[in-house]
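This report concerns only the one structure given below.
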Amino acid sequence: MAGSPSLSLWHAISRYRRQRPALEGALDVDLAIVGGGFAGLSTALHAAERGRSVAVLEAEIITWGATGRNAGFIVPNFAKKDPIDILVHLGPERGKRLIDFAAGSADLVFRLIRRHGIDCDAMQSGWIQPAHSLAAFEKVKSRASQWAGRGRPVVTLDRKAIEDMTGVRGYAGGWMDRSGGVLNPVDYARGLADAAEKAGARIFEHARVTSIDRMSDGWALKTAAGSVRAGKVLIATNAYGGPLFQVLQRTYFPLKIFQVATAPLPREVRTRLLPGGQGVGDTRRNLFTFRFDAENRLISGGMHVLGSGADTRVPQTIWRRLARHLDLPELPPLEHSWSGMAAVEPDFLPRLVDLGPGLIAGFACNGRGIAMTTAMGKVLADWAGGADARDLPLPFAPPSPIPLHGLLRHAPNMLLPWSMLRDRLDAAA
């Protein structure tokens with residue numbers, strides 16, 4: 001890969017990397033998108049397919065941010081909320097629309113991959129959530145029942161089924177959504193970019209936006225060497241927005257997440273663990289995840305306790321955790337480690353932020369980035385074509401800064417030791 005192969009495992013093993021130009025001169029479009037990640041690329045693709053003229057302005061390279069630094073899980077549900085919680089929070093009509101939006105998000109990802117022939121090691125093999133305690137198992141049984149009641153392809157799994165499917169002992173049970181899966185996120189995003197360009201969108205790299213100003217008929221965006229006039233603008237930078245809209249940075253908790261990948265596992269070990277190729281994310285507060293890539297590398301991630309030396313310390317901690325939880329006395333050495341920033345909303349729900357007439361920011365991550373941001377792009381294409389943002393399935397409101405954000409922004413990391421203790425107490429109960 002040209003550029004920075006060390007950004008993540010996915011950059012190192014990506015099949016190709018096509019350079020895209022920086023913006024030079026002036027350009028007029030219907031829709032300008034700031035950020036070339038899943039959300040921006042999906043919006044560009046769907047809007048261009050509907051006849052909109054689109055320009056994507058990426059400050060670095062496509063897949064530079066969280067899009068290229070995640071674990072490649074496709075998860076069609078919410079990180080902390082179940083359907084009944086959504087209905088209580090948003091009401092029956094808006095709640096149902098958001099639930100349906102999430103429910104179909106994984107299917108949308110795999111449809112796009114098939115339709116555009118994106119070669120990204122995609123497997124719609126399912127997503128499994130094992131329960132780390134009996135109390136957690138009761139919660140996931142309710143969760144599975146709620147999604148099954150909405151026609152989703154989910155199943156509750158008892159202790160033995162979880163052990164057979166994951167190869168891991170000690171879980172109380174769990175559930176699986178068969179519409180989920182795994183992929184190589186860098187190759188998927190680059191495939192979306194190619195498809196968007198074929199549909200007519202223009203994508204620029206190394207085109208950092210330095211200002212966005214209101215005009216009588218839309219917005220004016222400036223970069224170091226060019227400018228764009230657009231009727232509508234989408235800010236799709238997630239946690240990588242920088243100083244462009246500082247108010248947005250106070251509306252979420254920035255969460256640094258580390259990922260690691262081992263050297264490929266021997267065949268006899270690989271056949272025991274996840275023989276069906278699913279992705280796994282359990283119910284611990286200190287979330288434990290694992291999956292394999294196409295070359296049988298074992299991939300896992302985790303957060304970190306605040307302190308110095310995290311870039312060295314945390315990958316080793318995750319590696320040892322893999323060996324412990326998966327009962328692997330001879331776990332292969334680490335081959336890759338990397339990190340990225342996630343934007344976590346206080347209510348753990350995706351949302352659109354109203355920044356002015358025709359100017360929107362989209363946040364749909366919360367640990368469910370690939371599926372949710374792809375789906376967000378599809379509905380934002382409706383907005384680009386003239387739909388009222390208030391009629392879209394995602395919550396839409398002006399910025400709502402978190403009180404005392406300067407003090408609380410590191411709360412997820414600061415509370416991690418307490419979360420780890422509670423996980424141990426749960427498992428012992």
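Residue numbering restarts at 1 for every chain of the structure tokens, chains are lettered A, B, ... in their displayed order, and ligands are numbered from 1 as they appear.
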Do a neighbour search on Leu328 of chain A at 12 Å with only C-alpha atoms, toss out local chain neighbours closer than 4 positions, and write the hits as an MDAnalysis selection string. chainID A and resid 167:169 265:266 268:270 272:273 298 319:324 332:333
Could you save those same residues with N, CA and C atoms as a compact mmCIF listing (two decimals), in the first residue's frame?
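Generated file (again25.txt):
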# COMPACT_ATOMS: atom_id res chain seq x y z
N GLY A 167 -16.05 -22.35 20.49
CA GLY A 167 -14.89 -23.07 20.98
C GLY A 167 -14.41 -22.59 22.34
N VAL A 168 -15.23 -21.77 23.00
CA VAL A 168 -14.85 -21.16 24.27
C VAL A 168 -15.75 -21.69 25.38
N ARG A 169 -15.17 -22.12 26.48
CA ARG A 169 -15.92 -22.61 27.63
C ARG A 169 -16.18 -21.50 28.63
N LEU A 265 -3.12 -18.76 12.97
CA LEU A 265 -3.17 -19.90 13.88
C LEU A 265 -3.01 -21.21 13.12
N PRO A 266 -2.44 -22.24 13.78
CA PRO A 266 -2.38 -23.56 13.15
C PRO A 266 -3.78 -24.09 12.86
N GLU A 268 -5.22 -26.96 13.34
CA GLU A 268 -5.91 -27.73 14.37
C GLU A 268 -6.53 -26.85 15.44
N VAL A 269 -5.94 -25.67 15.70
CA VAL A 269 -6.52 -24.72 16.64
C VAL A 269 -7.66 -23.96 15.97
N ARG A 270 -7.44 -23.57 14.72
CA ARG A 270 -8.44 -22.78 14.01
C ARG A 270 -9.75 -23.55 13.86
N ARG A 272 -11.10 -25.50 15.93
CA ARG A 272 -11.84 -25.53 17.21
C ARG A 272 -12.53 -24.20 17.47
N LEU A 273 -11.88 -23.09 17.14
CA LEU A 273 -12.41 -21.77 17.45
C LEU A 273 -13.20 -21.22 16.26
N LEU A 298 -5.94 -14.24 14.37
CA LEU A 298 -6.91 -14.01 15.43
C LEU A 298 -6.89 -12.53 15.80
N TRP A 319 -3.53 -9.32 24.06
CA TRP A 319 -2.96 -10.60 23.63
C TRP A 319 -3.03 -11.63 24.75
N ARG A 320 -2.66 -11.23 25.98
CA ARG A 320 -2.73 -12.17 27.11
C ARG A 320 -4.18 -12.53 27.42
N ARG A 321 -5.09 -11.57 27.25
CA ARG A 321 -6.51 -11.85 27.49
C ARG A 321 -7.03 -12.89 26.50
N LEU A 322 -6.60 -12.80 25.26
CA LEU A 322 -6.98 -13.81 24.26
C LEU A 322 -6.54 -15.20 24.71
N ALA A 323 -5.28 -15.31 25.11
CA ALA A 323 -4.76 -16.62 25.53
C ALA A 323 -5.56 -17.18 26.70
N ARG A 324 -5.93 -16.29 27.65
CA ARG A 324 -6.66 -16.73 28.84
C ARG A 324 -8.09 -17.15 28.51
N PRO A 332 -0.13 -17.71 19.10
CA PRO A 332 0.88 -17.14 18.19
C PRO A 332 1.20 -15.70 18.56
N PRO A 333 2.38 -15.24 18.21
CA PRO A 333 2.79 -13.88 18.57
C PRO A 333 1.95 -12.82 17.86
Any idea what's packed within 9 Å of segment 335-342 of chain A, counting only C-alpha atoms, ignoring anything in its chain fewer than 5 positions away? Could you give it as a PyMOL selection string? chain A and resi 6-9+65-70+238-240+253-264+297+301+311+315+365-367+369
Contacts of Glu49 of chain A at 12 Å or less, counting only C-alpha atoms, minus same-chain residues fewer than 3 places along, as a PyMOL selection string? chain A and resi 42-46+52-54+195-201+378+381-382+384-385
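Comparing A:Pro243, A:Gly25, A:Tyr252, A:Leu87 by their smallest distance to Ala225 of chain A, the closest is A:Gly25 (using only C-alpha atoms).
Minimum atom-to-atom distances from A:Phe73, A:Phe101, A:Trp175, A:Phe396 to Ile360 of chain A were compared using only C-alpha atoms, and the lowest value belongs to A:Phe396.
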Going by DSSP on the backbone, which residues of segment 203-269 of chain A come out as strand (DSSP E)? List them as a PyMOL selection string. chain A and resi 203-204+211-215+218-222+226-235+253-264
Smallest atom-to-atom distance to His116 of chain A: which of A:Arg190, A:Arg285, A:Lys232, A:Arg159, using only C-alpha atoms? A:Arg190
With 10 Å as the cut-off and only C-alpha atoms counted, what is the closest atom pair between each nearby residue of segment 273-318 of chain A and segment 121-140 of chain A? Distances in Å to one decimal, ordered by chain and number, as a tab-separated table.
residue	atom	partner	partner_atom	distance
A:Gly276	CA	A:Ser125	CA	6.7
A:Gly277	CA	A:Ser125	CA	6.1
A:Gln278	CA	A:Ser125	CA	5.1
A:Gly279	CA	A:Trp127	CA	5.0
A:Val280	CA	A:Ile128	CA	4.9
A:Gly281	CA	A:Gln129	CA	5.2
A:Asp282	CA	A:Gln129	CA	4.7
A:Thr283	CA	A:Ala131	CA	5.3
A:Arg284	CA	A:His132	CA	6.4
A:Arg285	CA	A:His132	CA	9.9
A:Phe288	CA	A:Pro130	CA	9.7
A:Thr289	CA	A:Gln129	CA	9.2
A:Arg291	CA	A:Trp127	CA	9.9
A:Asp293	CA	A:Asp121	CA	8.0
A:Ala294	CA	A:Asp121	CA	6.5
A:Asp119, A:Asp107, A:Glu24, A:Asp347: which is nearest Gly191 of chain A, counting only C-alpha atoms? A:Asp119
With only C-alpha atoms as the counted atoms, please give the residues lying no more than 12 Å from Ser142 of chain A, apart from itself and same-chain residues fewer than 6 positions off, as a VMD selection string. chain A and resid 81 to 85 135 to 136 148 to 149 154 to 156 174 to 175
All residues 12 Å or closer to Pro76 of chain A, only C-alpha atoms, same chain fewer than 2 positions away omitted, as number ranges by chain: A: 73-74, 78-79, 82, 98-110, 124, 126-128, 147, 152-154, 176-182, 364-365, 367-375
I need the chosen residues saved as a CSV table (one decimal), in the first residue's frame, with N, CA and C atoms.
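selection-v8.csv was written with the following content:
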chain,number,residue,atom,x,y,z
A,73,PHE,N,-16.4,-5.9,12.2
A,73,PHE,CA,-17.6,-6.6,12.6
A,73,PHE,C,-18.8,-5.9,11.9
A,74,ILE,N,-19.8,-6.7,11.4
A,74,ILE,CA,-21.0,-6.2,10.9
A,74,ILE,C,-22.1,-6.6,11.9
A,78,PHE,N,-28.1,-2.4,18.4
A,78,PHE,CA,-27.6,-1.3,19.2
A,78,PHE,C,-26.6,-1.8,20.3
A,79,ALA,N,-25.6,-1.0,20.6
A,79,ALA,CA,-24.6,-1.5,21.6
A,79,ALA,C,-25.2,-1.6,23.0
A,82,ASP,N,-32.0,-2.1,23.7
A,82,ASP,CA,-32.9,-3.1,23.1
A,82,ASP,C,-34.1,-2.4,22.4
A,98,LEU,N,-36.4,3.7,13.8
A,98,LEU,CA,-35.0,3.6,14.1
A,98,LEU,C,-34.7,2.1,14.3
A,99,ILE,N,-35.5,1.3,14.9
A,99,ILE,CA,-35.3,-0.1,15.0
A,99,ILE,C,-35.2,-0.8,13.7
A,100,ASP,N,-36.1,-0.4,12.8
A,100,ASP,CA,-36.1,-1.0,11.4
A,100,ASP,C,-34.8,-0.6,10.7
A,101,PHE,N,-34.4,0.6,10.9
A,101,PHE,CA,-33.2,1.1,10.3
A,101,PHE,C,-32.0,0.3,10.7
A,102,ALA,N,-31.9,0.0,12.0
A,102,ALA,CA,-30.8,-0.8,12.5
A,102,ALA,C,-30.9,-2.3,12.0
A,103,ALA,N,-32.1,-2.8,12.1
A,103,ALA,CA,-32.3,-4.2,11.8
A,103,ALA,C,-31.9,-4.6,10.4
A,104,GLY,N,-32.0,-3.7,9.4
A,104,GLY,CA,-31.7,-4.0,8.0
A,104,GLY,C,-30.3,-3.6,7.6
A,105,SER,N,-29.5,-3.0,8.6
A,105,SER,CA,-28.2,-2.4,8.2
A,105,SER,C,-27.2,-3.4,7.7
A,106,ALA,N,-27.1,-4.6,8.4
A,106,ALA,CA,-26.2,-5.6,7.9
A,106,ALA,C,-26.5,-6.2,6.5
A,107,ASP,N,-27.8,-6.4,6.3
A,107,ASP,CA,-28.2,-6.9,5.0
A,107,ASP,C,-27.9,-5.9,3.9
A,108,LEU,N,-28.0,-4.6,4.2
A,108,LEU,CA,-27.6,-3.5,3.3
A,108,LEU,C,-26.2,-3.6,2.9
A,109,VAL,N,-25.3,-3.8,3.9
A,109,VAL,CA,-23.9,-3.9,3.7
A,109,VAL,C,-23.6,-5.1,2.7
A,110,PHE,N,-24.1,-6.2,2.9
A,110,PHE,CA,-23.8,-7.4,2.1
A,110,PHE,C,-24.5,-7.3,0.7
A,124,GLN,N,-21.2,-13.3,5.6
A,124,GLN,CA,-22.5,-13.0,6.3
A,124,GLN,C,-22.7,-14.3,7.1
A,126,GLY,N,-22.9,-14.4,10.6
A,126,GLY,CA,-23.6,-14.2,11.8
A,126,GLY,C,-22.7,-13.5,12.8
A,127,TRP,N,-23.4,-12.9,13.8
A,127,TRP,CA,-22.7,-12.2,14.9
A,127,TRP,C,-23.2,-12.8,16.2
A,128,ILE,N,-22.3,-13.2,17.1
A,128,ILE,CA,-22.6,-13.9,18.3
A,128,ILE,C,-22.3,-13.1,19.5
A,147,TRP,N,-35.9,-9.0,19.2
A,147,TRP,CA,-35.5,-8.9,17.8
A,147,TRP,C,-36.2,-10.0,17.0
A,152,ARG,N,-36.5,-10.8,12.8
A,152,ARG,CA,-35.1,-10.9,12.5
A,152,ARG,C,-34.6,-12.3,12.6
A,153,PRO,N,-33.6,-12.7,11.9
A,153,PRO,CA,-33.1,-14.1,11.9
A,153,PRO,C,-32.1,-14.3,13.1
A,154,VAL,N,-32.7,-14.3,14.3
A,154,VAL,CA,-31.9,-14.5,15.5
A,154,VAL,C,-32.3,-15.8,16.2
A,176,MET,N,-27.5,-15.2,18.7
A,176,MET,CA,-26.8,-14.9,17.5
A,176,MET,C,-27.8,-14.2,16.5
A,177,ASP,N,-27.3,-13.2,15.8
A,177,ASP,CA,-28.1,-12.6,14.7
A,177,ASP,C,-27.4,-13.1,13.4
A,178,ARG,N,-28.1,-13.9,12.7
A,178,ARG,CA,-27.5,-14.5,11.5
A,178,ARG,C,-27.2,-13.5,10.3
A,179,SER,N,-27.8,-12.3,10.4
A,179,SER,CA,-27.6,-11.4,9.3
A,179,SER,C,-26.3,-10.6,9.5
A,180,GLY,N,-25.6,-10.8,10.7
A,180,GLY,CA,-24.3,-10.1,10.9
A,180,GLY,C,-23.2,-10.8,10.2
A,181,GLY,N,-22.0,-10.4,10.4
A,181,GLY,CA,-20.8,-11.0,9.8
A,181,GLY,C,-19.6,-10.3,10.0
A,182,VAL,N,-18.6,-10.5,9.1
A,182,VAL,CA,-17.3,-9.9,9.2
A,182,VAL,C,-16.8,-9.6,7.8
A,364,ALA,N,-23.1,7.7,13.9
A,364,ALA,CA,-23.8,6.4,13.9
A,364,ALA,C,-22.9,5.3,14.3
A,365,CYS,N,-21.9,5.6,15.1
A,365,CYS,CA,-20.9,4.6,15.5
A,365,CYS,C,-21.4,3.8,16.8
A,367,GLY,N,-19.8,1.8,18.5
A,367,GLY,CA,-19.4,0.4,18.4
A,367,GLY,C,-20.1,-0.4,17.4
A,368,ARG,N,-20.9,0.2,16.5
A,368,ARG,CA,-21.6,-0.5,15.5
A,368,ARG,C,-21.3,0.2,14.1
A,369,GLY,N,-20.1,0.7,13.9
A,369,GLY,CA,-19.8,1.6,12.9
A,369,GLY,C,-20.1,1.2,11.5
A,370,ILE,N,-19.7,0.0,11.0
A,370,ILE,CA,-19.8,-0.4,9.6
A,370,ILE,C,-21.2,-0.5,9.2
A,371,ALA,N,-22.1,-1.2,9.9
A,371,ALA,CA,-23.4,-1.4,9.5
A,371,ALA,C,-24.2,-0.1,9.6
A,372,MET,N,-24.1,0.6,10.7
A,372,MET,CA,-24.9,1.7,11.0
A,372,MET,C,-24.6,2.9,10.1
A,373,THR,N,-23.3,3.1,9.8
A,373,THR,CA,-22.9,4.3,9.0
A,373,THR,C,-23.2,4.0,7.5
A,374,THR,N,-23.1,2.8,7.1
A,374,THR,CA,-23.5,2.4,5.7
A,374,THR,C,-25.0,2.7,5.6
A,375,ALA,N,-25.8,2.3,6.5
A,375,ALA,CA,-27.3,2.6,6.5
A,375,ALA,C,-27.6,4.0,6.6
